[in-house]
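Listing of start38.pdb, PDB, C-alpha atoms and all ligand atoms
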```
MODEL        1
ATOM      1  CA  ASN K   1     -12.235 -24.208 -10.950
ATOM      2  CA  LEU K   2     -13.942 -23.676 -14.299
ATOM      3  CA  ASP K   3     -17.390 -23.284 -12.705
ATOM      4  CA  ASP K   4     -16.190 -20.041 -11.138
ATOM      5  CA  VAL K   5     -15.358 -18.565 -14.544
ATOM      6  CA  GLN K   6     -18.429 -16.701 -15.666
ATOM      7  CA  ILE K   7     -19.864 -14.384 -18.255
ATOM      8  CA  ILE K   8     -21.099 -11.236 -16.559
ATOM      9  CA  ASN K   9     -23.620  -8.930 -18.205
ATOM     10  CA  ILE K  10     -22.466  -5.330 -18.185
ATOM     11  CA  PRO K  11     -25.339  -2.881 -17.776
ATOM     12  CA  LYS K  12     -26.163  -1.316 -21.139
ATOM     13  CA  ILE K  13     -27.946   1.951 -21.705
ATOM     14  CA  SER K  14     -29.452   2.016 -25.198
ATOM     15  CA  ASP K  15     -30.170   5.493 -26.382
ATOM     16  CA  GLU K  16     -33.786   6.167 -27.193
ATOM     17  CA  GLU K  17     -32.842   8.772 -29.770
ATOM     18  CA  GLY K  18     -30.648   6.394 -31.743
ATOM     19  CA  ARG K  19     -27.313   7.643 -30.403
ATOM     20  CA  GLY K  20     -26.017   4.123 -29.797
ATOM     21  CA  ASN K  21     -25.171   2.272 -26.616
ATOM     22  CA  LEU K  22     -23.342   3.067 -23.424
ATOM     23  CA  SER K  23     -22.167   0.372 -21.021
ATOM     24  CA  VAL K  24     -20.908   1.112 -17.557
ATOM     25  CA  ILE K  25     -18.989  -0.821 -14.912
ATOM     26  CA  GLU K  26     -19.237   0.690 -11.463
ATOM     27  CA  LYS K  27     -17.414  -0.483  -8.401
ATOM     28  CA  ASP K  28     -20.086  -2.955  -7.266
ATOM     29  CA  CYS K  29     -20.332  -4.795 -10.626
ATOM     30  CA  LEU K  30     -17.211  -6.836  -9.882
ATOM     31  CA  ASP K  31     -16.281  -8.464  -6.610
ATOM     32  CA  PHE K  32     -12.714  -7.193  -6.804
ATOM     33  CA  ASP K  33     -11.242  -3.701  -6.732
ATOM     34  CA  ILE K  34      -9.725  -2.677 -10.057
ATOM     35  CA  LYS K  35      -6.031  -1.864  -9.679
ATOM     36  CA  ARG K  36      -4.984  -2.026 -13.335
ATOM     37  CA  VAL K  37      -6.484  -1.649 -16.785
ATOM     38  CA  TYR K  38      -4.771  -2.810 -19.979
ATOM     39  CA  TYR K  39      -5.876  -3.716 -23.473
ATOM     40  CA  LEU K  40      -4.845  -5.889 -26.362
ATOM     41  CA  TYR K  41      -5.220  -4.478 -29.862
ATOM     42  CA  ASP K  42      -3.747  -4.754 -33.367
ATOM     43  CA  VAL K  43      -3.595  -8.508 -32.713
ATOM     44  CA  PRO K  44      -2.977 -10.538 -35.911
ATOM     45  CA  SER K  45      -5.638 -13.190 -36.544
ATOM     46  CA  ASP K  46      -3.082 -16.007 -36.244
ATOM     47  CA  ALA K  47      -1.660 -14.733 -32.946
ATOM     48  CA  TYR K  48      -1.945 -16.577 -29.704
ATOM     49  CA  ARG K  49      -1.886 -14.690 -26.405
ATOM     50  CA  GLY K  50      -2.100 -15.801 -22.808
ATOM     51  CA  GLY K  51      -0.783 -19.304 -22.247
ATOM     52  CA  HIS K  52      -0.469 -18.966 -18.509
ATOM     53  CA  ALA K  53      -2.392 -18.983 -15.227
ATOM     54  CA  HIS K  54      -2.422 -16.567 -12.328
ATOM     55  CA  LYS K  55      -1.939 -17.473  -8.688
ATOM     56  CA  ALA K  56      -4.031 -14.695  -7.150
ATOM     57  CA  LEU K  57      -5.111 -12.298  -9.907
ATOM     58  CA  TYR K  58      -8.767 -11.828 -10.863
ATOM     59  CA  GLN K  59      -9.379 -10.455 -14.325
ATOM     60  CA  PHE K  60     -12.417  -9.293 -16.243
ATOM     61  CA  LEU K  61     -12.098  -9.399 -20.035
ATOM     62  CA  ILE K  62     -14.317  -7.280 -22.268
ATOM     63  CA  PRO K  63     -14.374  -7.497 -26.078
ATOM     64  CA  LEU K  64     -14.696  -3.765 -26.703
ATOM     65  CA  SER K  65     -14.646  -4.394 -30.424
ATOM     66  CA  GLY K  66     -14.660  -7.518 -32.601
ATOM     67  CA  SER K  67     -14.311 -11.015 -31.231
ATOM     68  CA  PHE K  68     -11.835 -13.588 -29.960
ATOM     69  CA  ASP K  69     -11.859 -16.970 -28.258
ATOM     70  CA  VAL K  70     -10.695 -17.683 -24.731
ATOM     71  CA  ILE K  71      -9.700 -21.271 -23.966
ATOM     72  CA  LEU K  72      -9.883 -22.021 -20.258
ATOM     73  CA  LYS K  73      -8.371 -24.975 -18.427
ATOM     74  CA  ASP K  74      -8.433 -25.976 -14.775
ATOM     75  CA  GLY K  75      -6.135 -28.963 -15.170
ATOM     76  CA  LYS K  76      -9.071 -31.380 -15.565
ATOM     77  CA  SER K  77     -11.433 -29.842 -18.082
ATOM     78  CA  THR K  78     -11.298 -27.320 -20.870
ATOM     79  CA  LYS K  79     -13.863 -24.871 -22.123
ATOM     80  CA  THR K  80     -13.852 -22.317 -24.892
ATOM     81  CA  VAL K  81     -15.719 -19.052 -24.659
ATOM     82  CA  THR K  82     -16.165 -16.683 -27.598
ATOM     83  CA  LEU K  83     -16.307 -13.071 -26.544
ATOM     84  CA  ASN K  84     -18.024 -10.887 -29.117
ATOM     85  CA  LYS K  85     -20.418  -8.556 -27.295
ATOM     86  CA  PRO K  86     -19.153  -5.395 -25.581
ATOM     87  CA  ASP K  87     -21.823  -5.786 -22.885
ATOM     88  CA  LYS K  88     -20.722  -9.314 -21.900
ATOM     89  CA  GLY K  89     -17.422  -9.788 -20.103
ATOM     90  CA  LEU K  90     -15.602 -12.831 -18.813
ATOM     91  CA  LEU K  91     -14.560 -13.076 -15.183
ATOM     92  CA  ILE K  92     -11.478 -15.297 -14.801
ATOM     93  CA  VAL K  93     -10.676 -16.296 -11.229
ATOM     94  CA  PRO K  94      -7.176 -17.290 -10.043
ATOM     95  CA  GLY K  95      -5.865 -20.767 -10.871
ATOM     96  CA  ILE K  96      -7.226 -20.974 -14.425
ATOM     97  CA  TRP K  97      -5.037 -21.486 -17.476
ATOM     98  CA  ARG K  98      -6.106 -19.158 -20.314
ATOM     99  CA  GLU K  99      -5.245 -18.904 -23.995
ATOM    100  CA  LEU K 100      -6.602 -16.231 -26.329
ATOM    101  CA  GLU K 101      -6.808 -16.776 -30.070
ATOM    102  CA  ASN K 102      -8.856 -16.248 -33.198
ATOM    103  CA  PHE K 103      -8.878 -12.452 -32.915
ATOM    104  CA  SER K 104     -11.028 -10.790 -35.555
ATOM    105  CA  ALA K 105      -9.538  -7.869 -37.484
ATOM    106  CA  GLY K 106      -9.612  -4.711 -35.404
ATOM    107  CA  SER K 107     -10.649  -6.467 -32.204
ATOM    108  CA  VAL K 108      -9.855  -4.925 -28.844
ATOM    109  CA  CYS K 109      -9.762  -6.808 -25.537
ATOM    110  CA  LEU K 110     -10.019  -4.611 -22.466
ATOM    111  CA  VAL K 111      -8.857  -6.213 -19.200
ATOM    112  CA  LEU K 112      -9.725  -5.011 -15.701
ATOM    113  CA  ALA K 113      -7.389  -6.592 -13.168
ATOM    114  CA  SER K 114      -7.424  -6.925  -9.390
ATOM    115  CA  ASP K 115      -3.740  -6.107  -8.991
ATOM    116  CA  VAL K 116      -0.817  -4.336 -10.601
ATOM    117  CA  TYR K 117       1.500  -6.310 -12.880
ATOM    118  CA  LYS K 118       3.507  -8.877 -10.938
ATOM    119  CA  GLU K 119       5.514 -11.431 -12.881
ATOM    120  CA  LEU K 120       5.666 -13.603  -9.756
ATOM    121  CA  ASP K 121       1.898 -14.117  -9.973
ATOM    122  CA  TYR K 122       2.215 -15.922 -13.329
ATOM    123  CA  ILE K 123       2.475 -19.665 -13.902
ATOM    124  CA  ARG K 124       3.781 -19.815 -17.455
ATOM    125  CA  ASP K 125       4.647 -23.523 -17.604
ATOM    126  CA  TYR K 126       1.655 -25.792 -18.282
ATOM    127  CA  ASN K 127       3.146 -28.838 -16.546
ATOM    128  CA  GLN K 128       3.859 -26.747 -13.483
ATOM    129  CA  PHE K 129       0.257 -25.489 -13.620
ATOM    130  CA  VAL K 130      -1.139 -29.035 -13.722
ATOM    131  CA  LEU K 131       1.123 -30.019 -10.806
ATOM    132  CA  SER K 132      -0.080 -26.992  -8.822
ATOM    133  CA  LYS K 133      -3.668 -28.275  -9.170
ATOM    134  CA  SER K 134      -3.006 -31.756  -7.790
TER     135      SER K 134
HETATM  136  C1  LIG V 201      -3.685 -12.299 -19.336
HETATM  137  C2  LIG V 201      -3.935 -12.026 -20.775
HETATM  138  C3  LIG V 201      -5.387 -11.919 -21.109
HETATM  139  C4  LIG V 201       3.471  -5.450 -18.494
HETATM  140  O1  LIG V 201       4.554  -4.891 -18.390
HETATM  141  N1  LIG V 201       2.401  -5.030 -17.753
HETATM  142  C5  LIG V 201       1.177  -5.606 -17.823
HETATM  143  O2  LIG V 201       0.239  -5.175 -17.128
HETATM  144  C6  LIG V 201       0.996  -6.723 -18.708
HETATM  145  C7  LIG V 201      -0.351  -7.414 -18.813
HETATM  146  C8  LIG V 201       2.060  -7.143 -19.438
HETATM  147  N2  LIG V 201       3.267  -6.513 -19.335
HETATM  148  C9  LIG V 201       4.403  -6.962 -20.169
HETATM  149  C10 LIG V 201       4.893  -8.372 -19.847
HETATM  150  C11 LIG V 201       5.373  -8.875 -21.188
HETATM  151  O3  LIG V 201       6.711  -8.473 -21.407
HETATM  152  O4  LIG V 201       3.948  -6.999 -21.512
HETATM  153  C12 LIG V 201       4.494  -8.121 -22.203
HETATM  154  C13 LIG V 201       3.393  -8.987 -22.779
HETATM  155  O5  LIG V 201       2.696  -9.654 -21.703
HETATM  156  P1  LIG V 201       2.095 -11.119 -21.861
HETATM  157  O6  LIG V 201       2.962 -11.944 -22.724
HETATM  158  O7  LIG V 201       1.805 -11.638 -20.482
HETATM  159  O8  LIG V 201       0.726 -10.799 -22.655
HETATM  160  P2  LIG V 201      -0.498 -11.763 -22.928
HETATM  161  O9  LIG V 201      -1.431 -11.048 -23.827
HETATM  162  O10 LIG V 201      -0.035 -13.112 -23.329
HETATM  163  O11 LIG V 201      -1.211 -11.911 -21.485
HETATM  164  C14 LIG V 201      -1.885 -10.807 -20.953
HETATM  165  C15 LIG V 201      -1.711 -10.762 -19.451
HETATM  166  O12 LIG V 201      -0.311 -10.804 -19.135
HETATM  167  C16 LIG V 201      -2.384 -11.911 -18.757
HETATM  168  O13 LIG V 201      -2.483 -11.643 -17.384
HETATM  169  O14 LIG V 201      -4.480 -12.951 -18.674
HETATM  170  O15 LIG V 201      -3.256 -10.867 -21.271
ENDMDL
END
```

Do you think you could lay out the structure here as C-alpha cells?
Amino acid sequence: NLDDVQIINIPKISDEEGRGNLSVIEKDCLDFDIKRVYYLYDVPSDAYRGGHAHKALYQFLIPLSGSFDVILKDGKSTKTVTLNKPDKGLLIVPGIWRELENFSAGSVCLVLASDVYKELDYIRDYNQFVLSKS
C-alpha cells in the first residue's frame, strides 16, 4: 500500500573543489535487481503520463533534471509527491496506481525497473485496479 512507497536518499558526493555533485546508485541501494532503465524527457508541461498500476514491477524514479509530480493511489488513499532533487528518488512498489504530471521545462525522469517491459504486468483500467485491491 501507500506506506511502502518511499523517498530514498541517493548518496551524493559533493566536490570539495567546486566541481559539482555526483550521485551513485550501487546494487545494494535498492532491494530489487535492475533489469531495465528508461527515461522520460521533452515532456510538455500539460502532459500526463502513467495512469496505470503494475502487478509485480518495482520502479525507482529519479528526477535527473527539473521537477514533476507523482500522484499515487492504492485504491483507498491518494498522495502526491513532488520530485525535484536528483539525489532523492521515489520507490514505487507493485499494486500502486501512478500518474505523472506538471513536468517543468527540460525535466528528465530516469526510471530503474525490476523487470523488462511486459505489457501483461500493467493494469491500465482504474476500475479494474480498484477491483483488484478489494
Ligand atoms: C511507469 C511510468 C513512470 C516500451 O516499449 N518499453 C518500455 O520499457 C516502456 C516503459 C514503454 N514502452 C512503450 C509502451 C508504449 O507504447 O512505450 C510507449 C509509452 O509507454 P507508456 O504509455 O506506458 O508510458 P508512461 O510514461 O505513461 O509510463 C511509463 C511506464 O510505462 C510505467 O511503467 O510507471 O512511465

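Rounded to one decimal, atom CA of K:Asp4 and atom CA of K:Asp115 lie 18.8 Å from each other.
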
Report the residues retrieved by the PyMOL selection byres (((chain K and resi 90) around 8) and not hetatm) from the displayed file, expressed as a ChimeraX atom specification.
-> /K:5-8,60-62,83,88-89,91-92

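In terms of minimum interatomic distance to K:Tyr38, K:Tyr117 ranks closest within K:Ile10, K:Ile123, K:Tyr117, K:Lys73, counting all atoms listed in the file.
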
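Closest approach to K:Ser114 from the set K:Leu2, K:Leu64, K:Ala56, K:Leu22 is made by K:Ala56, with distances taken over only C-alpha atoms.
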
What residues come out when you apply the PyMOL selection byres (((not hetatm)) within 10 of (chain V and resi 201)) to this file, written as a ChimeraX atom specification?
-> /K:36-41,43,47-54,57-61,70,92,96-100,109-113,115-119,121-122,124

Which residues come within 7 Å of K:Ser107, counting all atoms listed in the file, excluding same-chain residues fewer than 6 positions away, as a list in words?
-> Tyr41, Ser65, Gly66 and Ser67 of chain K

Please write the residues from the selection above to a file, keeping C-alpha atoms, as a compact mmCIF listing (two decimals), in the coordinates of the input.
```
# COMPACT_ATOMS: atom_id res chain seq x y z
CA TYR K 41 -5.22 -4.48 -29.86
CA SER K 65 -14.65 -4.39 -30.42
CA GLY K 66 -14.66 -7.52 -32.60
CA SER K 67 -14.31 -11.02 -31.23
```

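Atom CA of K:Ser104 to atom CA of K:Pro11 spans 24.2 Å [interatomic distance, one decimal].
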
Would you list the contacts of K:Ser134 as a list in words, taking every protein, DNA or RNA residue within 10 Å and counting all atoms listed in the file, but skipping same-chain residues closer than 3 positions in sequence?
-> Gly75, Lys76, Phe129, Val130 and Leu131 of chain K

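Here atom CA of K:Glu101 stands at a distance of 6.0 Å from atom CA of K:Phe68.
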
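If all atoms listed in the file are the atoms counted, then among K:Leu120, K:Cys29, K:Ile34, K:Val24 the closest residue to K:Lys12 is K:Val24.
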
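Using all atoms listed in the file for every distance, the candidate list K:Ser45, K:Asn1, K:Ser132, K:Asn21 yields K:Asn21 as the residue closest to K:Pro86.
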
Please put the answer as lines of an AutoDock Vina configuration file: centre and edge lengths, in Å with one decimal, of a box along x, y and z that encloses all listed atoms of stretch 53-68 of chain K plus 8 Å on each side.
```
center_x = -8.3
center_y = -11.4
center_z = -19.9
size_x = 28.8
size_y = 31.2
size_z = 41.5
```

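Ranking K:Lys133, K:Ser23, K:Gly18, K:Tyr126 by their shortest atom-to-atom distance to K:Lys85, with only C-alpha atoms included, puts K:Ser23 first.
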
Residue rebuild result stretch 11-31 of chain K, N, CA and C atoms as an mmCIF file, in the coordinates of the input:
```
data_model
loop_
_atom_site.group_PDB
_atom_site.id
_atom_site.type_symbol
_atom_site.label_atom_id
_atom_site.label_comp_id
_atom_site.auth_asym_id
_atom_site.auth_seq_id
_atom_site.Cartn_x
_atom_site.Cartn_y
_atom_site.Cartn_z
ATOM 1 N N PRO K 11 -24.163 -3.703 -17.522
ATOM 2 C CA PRO K 11 -25.339 -2.881 -17.776
ATOM 3 C C PRO K 11 -25.165 -2.028 -19.039
ATOM 4 N N LYS K 12 -26.216 -2.022 -19.854
ATOM 5 C CA LYS K 12 -26.163 -1.316 -21.139
ATOM 6 C C LYS K 12 -27.283 -0.296 -21.197
ATOM 7 N N ILE K 13 -26.945 0.902 -21.566
ATOM 8 C CA ILE K 13 -27.946 1.951 -21.705
ATOM 9 C C ILE K 13 -28.076 2.235 -23.200
ATOM 10 N N SER K 14 -29.215 1.783 -23.768
ATOM 11 C CA SER K 14 -29.452 2.016 -25.198
ATOM 12 C C SER K 14 -30.125 3.371 -25.342
ATOM 13 N N ASP K 15 -29.642 4.137 -26.256
ATOM 14 C CA ASP K 15 -30.170 5.493 -26.382
ATOM 15 C C ASP K 15 -31.479 5.515 -27.151
ATOM 16 N N GLU K 16 -32.458 6.143 -26.566
ATOM 17 C CA GLU K 16 -33.786 6.167 -27.193
ATOM 18 C C GLU K 16 -33.820 7.030 -28.454
ATOM 19 N N GLU K 17 -32.848 7.904 -28.582
ATOM 20 C CA GLU K 17 -32.842 8.772 -29.770
ATOM 21 C C GLU K 17 -31.872 8.271 -30.834
ATOM 22 N N GLY K 18 -31.495 6.983 -30.711
ATOM 23 C CA GLY K 18 -30.648 6.394 -31.743
ATOM 24 C C GLY K 18 -29.194 6.825 -31.695
ATOM 25 N N ARG K 19 -28.710 7.209 -30.493
ATOM 26 C CA ARG K 19 -27.313 7.643 -30.403
ATOM 27 C C ARG K 19 -26.379 6.503 -30.019
ATOM 28 N N GLY K 20 -26.884 5.264 -30.089
ATOM 29 C CA GLY K 20 -26.017 4.123 -29.797
ATOM 30 C C GLY K 20 -26.080 3.695 -28.342
ATOM 31 N N ASN K 21 -25.131 2.875 -27.946
ATOM 32 C CA ASN K 21 -25.171 2.272 -26.616
ATOM 33 C C ASN K 21 -24.067 2.803 -25.718
ATOM 34 N N LEU K 22 -24.330 2.695 -24.434
ATOM 35 C CA LEU K 22 -23.342 3.067 -23.424
ATOM 36 C C LEU K 22 -23.367 1.953 -22.376
ATOM 37 N N SER K 23 -22.225 1.373 -22.092
ATOM 38 C CA SER K 23 -22.167 0.372 -21.021
ATOM 39 C C SER K 23 -21.280 0.891 -19.917
ATOM 40 N N VAL K 24 -21.635 0.547 -18.697
ATOM 41 C CA VAL K 24 -20.908 1.112 -17.557
ATOM 42 C C VAL K 24 -20.610 0.038 -16.515
ATOM 43 N N ILE K 25 -19.390 0.087 -15.992
ATOM 44 C CA ILE K 25 -18.989 -0.821 -14.912
ATOM 45 C C ILE K 25 -18.686 0.042 -13.709
ATOM 46 N N GLU K 26 -19.496 -0.068 -12.684
ATOM 47 C CA GLU K 26 -19.237 0.690 -11.463
ATOM 48 C C GLU K 26 -18.641 -0.242 -10.433
ATOM 49 N N LYS K 27 -18.220 0.301 -9.331
ATOM 50 C CA LYS K 27 -17.414 -0.483 -8.401
ATOM 51 C C LYS K 27 -18.100 -1.738 -7.884
ATOM 52 N N ASP K 28 -19.441 -1.772 -7.821
ATOM 53 C CA ASP K 28 -20.086 -2.955 -7.266
ATOM 54 C C ASP K 28 -20.381 -4.038 -8.298
ATOM 55 N N CYS K 29 -20.071 -3.786 -9.585
ATOM 56 C CA CYS K 29 -20.332 -4.795 -10.626
ATOM 57 C C CYS K 29 -19.418 -6.005 -10.465
ATOM 58 N N LEU K 30 -18.199 -5.765 -9.975
ATOM 59 C CA LEU K 30 -17.211 -6.836 -9.882
ATOM 60 C C LEU K 30 -16.893 -7.049 -8.414
ATOM 61 N N ASP K 31 -16.580 -8.290 -8.036
ATOM 62 C CA ASP K 31 -16.281 -8.464 -6.610
ATOM 63 C C ASP K 31 -14.783 -8.344 -6.325
#
```
